[in-house]
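Okay, query36.txt now, which holds compact mmCIF, C-alpha atoms:
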# COMPACT_ATOMS: atom_id res chain seq x y z
CA MET A 76 -23.45 277.22 -5.96
CA SER A 77 -19.87 278.42 -5.91
CA GLN A 78 -18.93 280.56 -2.93
CA THR A 79 -18.16 284.23 -3.25
CA PRO A 80 -14.38 284.48 -3.61
CA ARG A 81 -12.43 285.50 -0.57
CA VAL A 82 -9.58 287.88 -1.07
CA SER A 83 -6.89 288.60 1.43
CA THR A 84 -7.24 291.92 3.18
CA PRO A 85 -4.97 294.33 1.34
CA PRO A 86 -3.48 297.49 2.73
CA ASP A 87 -5.85 300.46 2.56
CA ASN A 88 -5.18 301.80 -0.92
CA THR A 89 -7.69 304.64 -0.73
CA SER A 90 -6.01 307.93 0.06
CA PRO A 91 -7.72 310.56 2.25
CA SER A 92 -8.38 312.59 -0.88
CA ASP A 93 -10.03 309.54 -2.51
CA THR A 94 -12.15 308.91 0.58
CA GLU A 95 -13.38 312.49 0.51
CA ARG A 96 -13.91 312.38 -3.25
CA PHE A 97 -15.98 309.20 -3.12
CA HIS A 98 -17.94 310.08 0.04
CA SER A 99 -21.08 311.04 -1.90
CA LEU A 100 -21.26 307.53 -3.41
CA ASP A 101 -22.11 306.17 0.06
CA LEU A 102 -25.35 308.15 -0.02
CA MET A 103 -26.54 306.33 -3.15
CA SER A 104 -28.82 303.30 -3.11
CA THR A 105 -27.20 302.13 -6.36
CA LEU A 106 -24.35 299.64 -5.96
CA VAL A 107 -21.17 301.43 -7.07
CA ALA A 108 -17.55 300.35 -7.47
CA VAL A 109 -14.69 302.52 -8.68
CA LEU A 110 -12.10 300.33 -10.38
CA ARG A 111 -8.53 300.89 -11.46
CA ALA A 112 -7.67 300.21 -15.09
CA ASP A 113 -6.64 296.63 -14.24
CA GLY A 114 -10.10 295.89 -12.74
CA ALA A 115 -9.00 296.06 -9.09
CA VAL A 116 -11.45 297.71 -6.69
CA GLN A 117 -10.36 301.18 -5.64
CA PHE A 118 -13.59 302.03 -3.79
CA ALA A 119 -16.87 300.26 -2.99
CA ASN A 120 -19.85 302.17 -1.62
CA ALA A 121 -21.95 301.13 1.39
CA ALA A 122 -24.78 299.71 -0.76
CA LEU A 123 -22.33 297.36 -2.51
CA GLU A 124 -20.82 296.30 0.84
CA ASN A 125 -24.28 295.42 2.16
CA THR A 126 -25.26 293.43 -0.93
CA LEU A 127 -22.03 291.41 -1.11
CA GLY A 128 -21.81 290.94 2.65
CA LEU A 129 -18.16 292.00 2.64
CA SER A 130 -16.43 295.04 4.09
CA ARG A 131 -14.94 297.79 1.97
CA ARG A 132 -11.40 296.96 3.14
CA THR A 133 -11.89 293.35 2.04
CA LEU A 134 -13.13 294.43 -1.39
CA GLU A 135 -10.46 297.06 -2.10
CA GLY A 136 -7.60 295.75 -4.17
CA GLY A 137 -9.44 292.63 -5.27
CA ASP A 138 -10.36 291.73 -8.86
CA PHE A 139 -13.99 292.86 -9.16
CA SER A 140 -14.77 290.51 -12.05
CA THR A 141 -14.48 287.51 -9.68
CA PHE A 142 -17.64 288.65 -7.92
CA PHE A 143 -19.70 287.81 -11.03
CA THR A 144 -20.87 284.37 -12.13
CA ASP A 145 -19.44 285.19 -15.58
CA PRO A 146 -16.27 287.27 -15.01
CA ALA A 147 -15.52 287.49 -18.74
CA LEU A 148 -18.40 289.90 -19.35
CA LEU A 149 -16.92 292.53 -17.02
CA GLN A 150 -13.38 291.90 -18.23
CA THR A 151 -14.49 292.54 -21.82
CA ALA A 152 -16.33 295.70 -20.77
CA LEU A 153 -13.26 296.96 -18.89
CA ALA A 154 -11.05 296.34 -21.91
CA GLY A 155 -13.42 298.44 -24.03
CA ALA A 156 -13.50 301.21 -21.42
CA ARG A 157 -9.69 301.33 -21.29
CA VAL A 158 -9.43 302.00 -25.03
CA GLN A 159 -12.53 304.21 -24.96
CA ASP A 160 -14.52 302.05 -27.36
CA PHE A 161 -17.71 303.43 -25.79
CA ALA A 162 -18.89 306.15 -23.44
CA ALA A 163 -20.90 303.67 -21.37
CA LEU A 164 -21.77 300.00 -21.73
CA ARG A 165 -24.80 298.28 -20.20
CA TYR A 166 -25.47 294.59 -19.81
CA GLU A 167 -27.13 292.12 -17.46
CA ALA A 168 -25.21 289.81 -15.15
CA SER A 169 -25.40 287.88 -11.86
CA LEU A 170 -23.55 289.17 -8.82
CA LYS A 171 -22.29 286.64 -6.27
CA ARG A 172 -23.05 287.15 -2.59
CA LEU A 173 -21.54 285.64 0.54
CA HIS A 174 -23.58 282.58 1.66
CA GLN A 175 -26.50 283.63 -0.57
CA ASP A 176 -27.72 283.00 -4.08
CA PRO A 177 -26.46 285.33 -6.83
CA VAL A 178 -28.58 288.40 -7.51
CA PRO A 179 -29.44 289.45 -11.10
CA VAL A 180 -28.24 293.00 -11.83
CA HIS A 181 -28.07 295.62 -14.55
CA VAL A 182 -24.43 296.65 -14.97
CA ASN A 183 -23.27 300.01 -16.32
CA VAL A 184 -19.55 300.44 -17.08
CA ALA A 185 -18.14 303.87 -17.91
CA ALA A 186 -14.79 305.64 -17.79
CA ALA A 187 -14.65 308.01 -14.81
CA GLU A 188 -13.60 311.65 -15.01
CA GLN A 189 -10.29 310.83 -13.32
CA ALA A 190 -7.89 309.22 -15.77
CA GLY A 191 -7.29 305.52 -15.17
CA GLU A 192 -10.51 305.00 -13.19
CA ILE A 193 -13.61 303.10 -14.31
CA LEU A 194 -17.03 303.50 -12.70
CA VAL A 195 -19.23 300.40 -12.40
CA GLU A 196 -22.85 300.87 -11.32
CA LEU A 197 -25.17 297.97 -10.57
CA TRP A 198 -28.94 297.90 -10.12
CA PRO A 199 -30.46 294.69 -8.70
CA LEU A 200 -33.39 293.84 -10.94
CA GLU A 201 -35.65 293.15 -7.96
CA GLN A 202 -34.68 296.46 -6.35
CA GLN A 203 -35.29 298.33 -9.60
CA ALA A 204 -38.74 296.77 -9.94
CA ARG A 205 -39.53 297.70 -6.34
CA GLN A 206 -38.37 301.28 -6.79
CA ASP A 207 -40.53 301.57 -9.90
CA ARG A 208 -43.50 300.24 -7.92
CA GLU A 209 -42.87 302.68 -5.07
CA GLU A 210 -42.63 305.59 -7.47
CA ARG A 211 -45.96 304.55 -8.98
CA LEU A 212 -47.49 304.41 -5.49
CA LEU A 213 -46.22 307.89 -4.65
CA ASP A 214 -47.38 309.36 -7.95
CA GLN A 215 -50.72 307.60 -7.54
CA ALA A 216 -51.13 308.95 -4.00
CA GLN A 217 -50.42 312.51 -5.13
CA ALA A 218 -52.88 312.19 -8.02
CA ASN A 219 -55.48 310.67 -5.68
CA LYS A 220 -55.08 313.56 -3.24
CA GLU A 221 -55.66 316.18 -5.92
CA LEU A 222 -58.56 314.23 -7.42
CA ILE A 223 -60.24 313.73 -4.05
CA ARG A 224 -59.95 317.36 -3.01
CA ASN A 225 -61.23 318.70 -6.32
CA LEU A 226 -64.03 316.16 -6.62
CA ALA A 227 -65.15 316.59 -3.02
CA HIS A 228 -65.41 320.35 -3.37
CA GLU A 229 -67.29 320.00 -6.66
CA ILE A 230 -69.79 317.63 -5.01
CA LYS A 231 -70.19 319.52 -1.76
CA ASN A 232 -71.73 322.75 -3.07
CA PRO A 233 -74.53 321.27 -5.23
CA LEU A 234 -75.18 318.67 -2.53
CA GLY A 235 -76.06 321.40 -0.04
CA GLY A 236 -78.40 322.93 -2.60
CA ILE A 237 -80.14 319.60 -3.24
CA ARG A 238 -80.69 318.99 0.48
CA GLY A 239 -81.96 322.53 1.06
CA ALA A 240 -84.39 322.32 -1.86
CA ALA A 241 -85.74 318.99 -0.57
CA GLN A 242 -86.35 320.51 2.86
CA LEU A 243 -88.20 323.50 1.36
CA LEU A 244 -90.26 321.19 -0.84
CA GLU A 245 -91.16 319.04 2.16
CA MET A 246 -92.50 322.09 4.00
CA GLU A 247 -94.91 322.75 1.10
CA LEU A 248 -96.22 319.19 0.83
CA GLU A 249 -99.35 318.10 2.61
CA SER A 250 -99.31 314.44 1.59
CA ARG A 251 -97.37 312.14 3.95
CA GLU A 252 -96.72 309.74 1.05
CA LEU A 253 -94.95 312.49 -0.88
CA THR A 254 -92.79 313.56 2.07
CA GLU A 255 -91.35 310.05 2.12
CA TYR A 256 -89.69 310.89 -1.22
CA THR A 257 -88.19 314.12 0.13
CA GLN A 258 -86.88 312.19 3.14
CA VAL A 259 -85.11 309.79 0.77
CA ILE A 260 -83.45 312.77 -0.96
CA ILE A 261 -82.39 314.30 2.38
CA HIS A 262 -81.10 310.97 3.71
CA GLU A 263 -79.05 310.25 0.58
CA ALA A 264 -77.69 313.83 0.54
CA ASP A 265 -76.55 313.37 4.15
CA ARG A 266 -74.92 310.03 3.28
CA LEU A 267 -73.00 311.63 0.40
CA GLN A 268 -72.03 314.55 2.64
CA SER A 269 -70.59 312.08 5.15
CA LEU A 270 -68.60 310.40 2.38
CA VAL A 271 -67.24 313.77 1.19
CA ASP A 272 -66.25 314.66 4.77
CA ARG A 273 -64.32 311.40 5.06
CA LEU A 274 -62.56 312.07 1.77
CA LEU A 275 -61.49 315.50 2.96
CA ALA A 276 -60.66 314.46 6.54
CA PRO A 277 -56.89 313.86 6.06
CA HIS A 278 -56.46 317.31 4.50
CA ARG A 279 -58.40 319.16 7.18
CA HIS A 280 -56.69 317.98 10.35
CA PRO A 281 -53.28 319.40 11.29
CA HIS A 282 -50.26 317.12 11.61
CA LEU A 283 -49.65 317.03 15.41
CA VAL A 284 -46.12 315.79 15.97
CA GLY A 285 -44.87 314.25 19.21
CA ASP A 286 -42.85 311.27 20.44
CA VAL A 287 -44.37 307.99 19.23
CA ASN A 288 -43.77 304.50 20.62
CA ILE A 289 -44.90 302.18 17.84
CA HIS A 290 -45.74 299.39 20.27
CA GLU A 291 -48.15 301.63 22.16
CA VAL A 292 -49.80 302.28 18.79
CA CYS A 293 -49.96 298.53 18.08
CA GLU A 294 -51.40 297.72 21.52
CA ARG A 295 -54.07 300.39 21.17
CA VAL A 296 -55.14 299.01 17.80
CA ARG A 297 -54.98 295.43 19.06
CA SER A 298 -57.30 296.18 21.98
CA LEU A 299 -59.80 298.01 19.74
CA VAL A 300 -59.97 295.15 17.23
CA LEU A 301 -60.33 292.46 19.90
CA VAL A 302 -63.26 294.37 21.42
CA GLU A 303 -64.91 294.32 18.00
CA TYR A 304 -64.03 290.63 17.37
CA PRO A 305 -63.94 288.98 20.82
CA GLN A 306 -64.20 285.42 19.48
CA GLY A 307 -62.63 283.52 16.60
CA LEU A 308 -59.73 285.97 16.04
CA ARG A 309 -56.23 285.96 17.54
CA VAL A 310 -54.05 289.06 17.18
CA GLN A 311 -50.47 287.89 17.73
CA ARG A 312 -47.59 290.13 18.80
CA ASP A 313 -44.11 289.77 17.31
CA TYR A 314 -42.32 292.91 18.48
CA ASP A 315 -38.73 294.10 18.37
CA THR A 316 -38.74 296.07 21.63
CA SER A 317 -35.43 297.77 20.80
CA ILE A 318 -37.11 300.03 18.20
CA PRO A 319 -36.63 303.65 19.34
CA GLU A 320 -39.33 306.26 19.62
CA PHE A 321 -39.67 308.64 16.70
CA ARG A 322 -41.42 311.90 15.96
CA GLY A 323 -44.88 311.50 14.48
CA ASP A 324 -48.60 312.01 14.83
CA ARG A 325 -49.75 309.25 17.18
CA ALA A 326 -53.46 309.65 16.38
CA GLN A 327 -52.89 309.44 12.63
CA LEU A 328 -50.68 306.35 12.99
CA ILE A 329 -53.30 304.65 15.20
CA GLN A 330 -55.96 305.41 12.57
CA ALA A 331 -53.74 304.17 9.72
CA LEU A 332 -52.92 300.90 11.47
CA LEU A 333 -56.52 300.45 12.65
CA ASN A 334 -57.80 300.84 9.08
CA VAL A 335 -55.41 298.13 7.83
CA VAL A 336 -56.10 295.73 10.73
CA GLN A 337 -59.87 296.20 10.43
CA ASN A 338 -59.57 295.58 6.70
CA ALA A 339 -57.73 292.33 7.49
CA ALA A 340 -60.34 291.30 10.07
CA GLN A 341 -63.18 291.91 7.60
CA ALA A 342 -61.37 289.74 5.02
CA LEU A 343 -61.12 286.99 7.68
CA ALA A 344 -64.89 286.69 8.19
CA GLU A 345 -65.02 283.01 7.21
CA ARG A 346 -62.01 282.08 9.32
CA ILE A 347 -63.38 284.04 12.30
CA ALA A 348 -66.58 282.00 12.00
CA ALA A 349 -64.42 278.86 11.94
CA GLY A 350 -62.41 280.10 14.93
CA ASP A 351 -58.94 279.98 13.32
CA ALA A 352 -58.39 283.58 12.12
CA VAL A 353 -54.96 285.05 12.92
CA ILE A 354 -53.56 288.55 12.47
CA THR A 355 -49.90 289.11 13.35
CA LEU A 356 -48.46 292.51 14.23
CA ARG A 357 -44.69 292.35 13.61
CA THR A 358 -42.17 295.15 14.13
CA ARG A 359 -38.58 295.18 12.91
CA VAL A 360 -35.79 297.64 12.15
CA ALA A 361 -34.66 297.78 8.51
CA ARG A 362 -31.17 299.11 7.78
CA GLN A 363 -29.91 300.99 4.73
CA VAL A 364 -33.23 300.87 2.92
CA THR A 365 -34.50 302.90 0.00
CA PHE A 366 -38.14 303.85 -0.42
CA GLY A 367 -39.97 306.92 -1.50
CA ARG A 368 -36.98 307.77 -3.76
CA GLN A 369 -34.75 308.28 -0.70
CA ARG A 370 -32.24 306.17 1.18
CA TYR A 371 -32.53 305.84 4.97
CA ARG A 372 -30.03 304.48 7.46
CA LEU A 373 -32.80 303.09 9.67
CA ALA A 374 -36.51 302.53 9.11
CA LEU A 375 -39.39 300.97 10.97
CA GLU A 376 -40.93 297.89 9.34
CA LEU A 377 -44.42 297.21 10.70
CA HIS A 378 -46.16 294.18 9.23
CA VAL A 379 -49.86 293.34 9.44
CA ILE A 380 -50.08 289.70 8.35
CA ASP A 381 -53.31 287.71 8.12
CA ASN A 382 -54.20 284.16 7.06
CA GLY A 383 -57.19 285.20 4.98
CA PRO A 384 -58.09 284.52 1.35
CA GLY A 385 -55.82 287.23 -0.05
CA VAL A 386 -56.50 290.36 -2.08
CA PRO A 387 -58.51 289.63 -5.24
CA ASP A 388 -56.30 289.73 -8.34
CA ALA A 389 -58.68 292.20 -10.01
CA ILE A 390 -57.86 294.94 -7.47
CA LYS A 391 -54.31 294.07 -6.34
CA GLU A 392 -52.79 296.99 -8.22
CA ARG A 393 -55.54 299.39 -7.13
CA ILE A 394 -56.14 298.65 -3.45
CA PHE A 395 -54.86 302.07 -2.36
CA TYR A 396 -57.07 303.88 -4.85
CA PRO A 397 -60.04 305.71 -3.31
CA LEU A 398 -63.44 303.97 -3.56
CA VAL A 399 -61.87 300.62 -4.51
CA SER A 400 -63.02 297.80 -2.22
CA GLY A 401 -62.92 294.04 -2.39
CA ARG A 402 -65.87 293.75 0.00
CA ASP A 403 -69.56 294.27 -0.64
CA GLY A 404 -70.66 297.41 1.16
CA GLY A 405 -67.10 298.66 1.70
CA SER A 406 -66.42 302.37 1.20
CA GLY A 407 -62.98 301.82 -0.33
CA LEU A 408 -61.51 304.63 1.78
CA GLY A 409 -59.76 302.80 4.64
CA LEU A 410 -56.55 301.89 2.82
CA THR A 411 -56.46 305.19 0.95
CA LEU A 412 -56.56 307.14 4.22
CA ALA A 413 -54.00 304.80 5.82
CA GLN A 414 -51.57 305.40 2.94
CA THR A 415 -52.15 309.16 3.20
CA PHE A 416 -51.41 309.23 6.95
CA VAL A 417 -48.24 307.11 6.58
CA GLN A 418 -46.99 309.26 3.70
CA ARG A 419 -47.36 312.27 6.02
CA HIS A 420 -44.58 310.56 8.02
CA HIS A 421 -42.44 310.26 4.85
CA GLY A 422 -43.30 306.57 4.77
CA LEU A 423 -45.11 304.08 2.58
CA ILE A 424 -47.43 301.08 2.85
CA GLU A 425 -46.85 298.10 0.55
CA CYS A 426 -48.92 294.96 0.12
CA ASP A 427 -47.86 291.42 -0.75
CA SER A 428 -50.77 288.99 -0.97
CA VAL A 429 -51.33 285.37 -1.90
CA PRO A 430 -54.19 283.09 -0.81
CA GLY A 431 -53.61 282.23 2.85
CA ARG A 432 -51.22 285.09 3.57
CA THR A 433 -51.57 288.84 3.11
CA ASP A 434 -48.82 291.14 4.37
CA PHE A 435 -49.28 294.90 4.61
CA ARG A 436 -45.88 296.45 5.35
CA PHE A 437 -45.52 299.95 6.80
CA LEU A 438 -42.12 301.60 6.19
CA ILE A 439 -41.38 304.74 8.23
CA PRO A 440 -37.96 306.43 8.60
CA LEU A 441 -36.39 306.32 12.07
CA PRO A 442 -33.98 308.87 13.57
Representation of the structure as structure tokens:
Amino acid sequence: MSQTPRVSTPPDNTSPSDTERFHSLDLMSTLVAVLRADGAVQFANAALENTLGLSRRTLEGGDFSTFFTDPALLQTALAGARVQDFAALRYEASLKRLHQDPVPVHVNVAAAEQAGEILVELWPLEQQARQDREERLLDQAQANKELIRNLAHEIKNPLGGIRGAAQLLEMELESRELTEYTQVIIHEADRLQSLVDRLLAPHRHPHLVGDVNIHEVCERVRSLVLVEYPQGLRVQRDYDTSIPEFRGDRAQLIQALLNVVQNAAQALAERIAAGDAVITLRTRVARQVTFGRQRYRLALELHVIDNGPGVPDAIKERIFYPLVSGRDGGSGLGLTLAQTFVQRHHGLIECDSVPGRTDFRFLIPLP
């Protein structure tokens, strides 16, 4: 692979007025370059710096087309923009990166409002796919919340009537054999009531915010799981102890992480029996990340990684849906509630699973 071209550091060609004018571009997750008519970089935003692995001062003044595997495509687009052949031109290309493989991108070239300037926007295809997936998760979670609340309330009222009628009927029956049937009705009504209460639980409890140390949360969950599975399961720690405390609801985060770790342990039943089951709790700091339609300077990455069989393909896209479970007898609520609690912290849980390795990743903004 050819190396990303190095350009000599030019004098700072961006005037204070330009710096102020382009400041808002640094807040965007999209990769953006403002070019002069000759294709030289006038400004590169922070997202583009991070992707290329080069500083803004290094980029400014350099020929931007040299950062593509096929420079001619951008040069042709710039020529068309200069003579105003089009309002905007889109095409796909590969962007070179320092010491890394090129990244496929969508490129949008358009003349800027200021005469003699051309705006180039780039969307990494992988990033675009991820953002689309995150948006689907957020929309799905909102729809789930409304569905659960409405459905639970619709079930709750007639359920109380069914249980009450069964109790009254039981009082009138003299035959013990017949009261066994009323007991079945009462028992099943209570079971459904418990399910409804669990569905409504996240919406009933207030969000109690305080200082949270994520490693205290991890250690609490680790100790609870090892009490439940004292043999055949190792829960490994891989912590970045420099992660700062943040404001959050400690109890909700413990419950969210516990639900995911217990889900992993249940999926590891065969490996626990064989004595080689492993769950890893890994914490890291992610920088300049975008999720939940917003860009964050810092975010917590908490991974729950297991060496189990993986999430069944049939439910991979639906694992955060309520009442969807890959395990016989599972309620299908654990992951739904975990996602709800994390989203209360403006975060998100993602899942990447193949046989032998399943990784649930929590993303939560840090101060």
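The residue that comes closest to Asp286 in chain A, out of A:Arg251, A:Arg322, A:Arg96, A:Arg132 and on the basis of only C-alpha atoms, is A:Arg322.
Take CA of Val336 in chain A and CA of Gly323 in chain A: the distance between them is 19.7 Å.
Comparing the minimum interatomic distances between Ile347 in chain A and each of A:Glu376, A:Asp381, A:Glu229, A:Glu320, counting only C-alpha atoms, we find that A:Asp381 sits nearest.
Across A:Thr433, A:Ser298, A:Asn183, A:Gln242, the tightest approach to Ala152 in chain A is made by A:Asn183 when counting all atoms listed in the file.
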*Tell me which protein, DNA and RNA residues are within 6 Å of range 409-423 of chain A, counting all atoms listed in the file, leaving out same-chain ones fewer than 6 positions away, and put them as a VMD selection string.*
chain A and resid 327 331 334 395 to 397 437 to 439
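Between CA of Arg432 in chain A and CA of Trp198 in chain A there is a distance of 29.1 Å.
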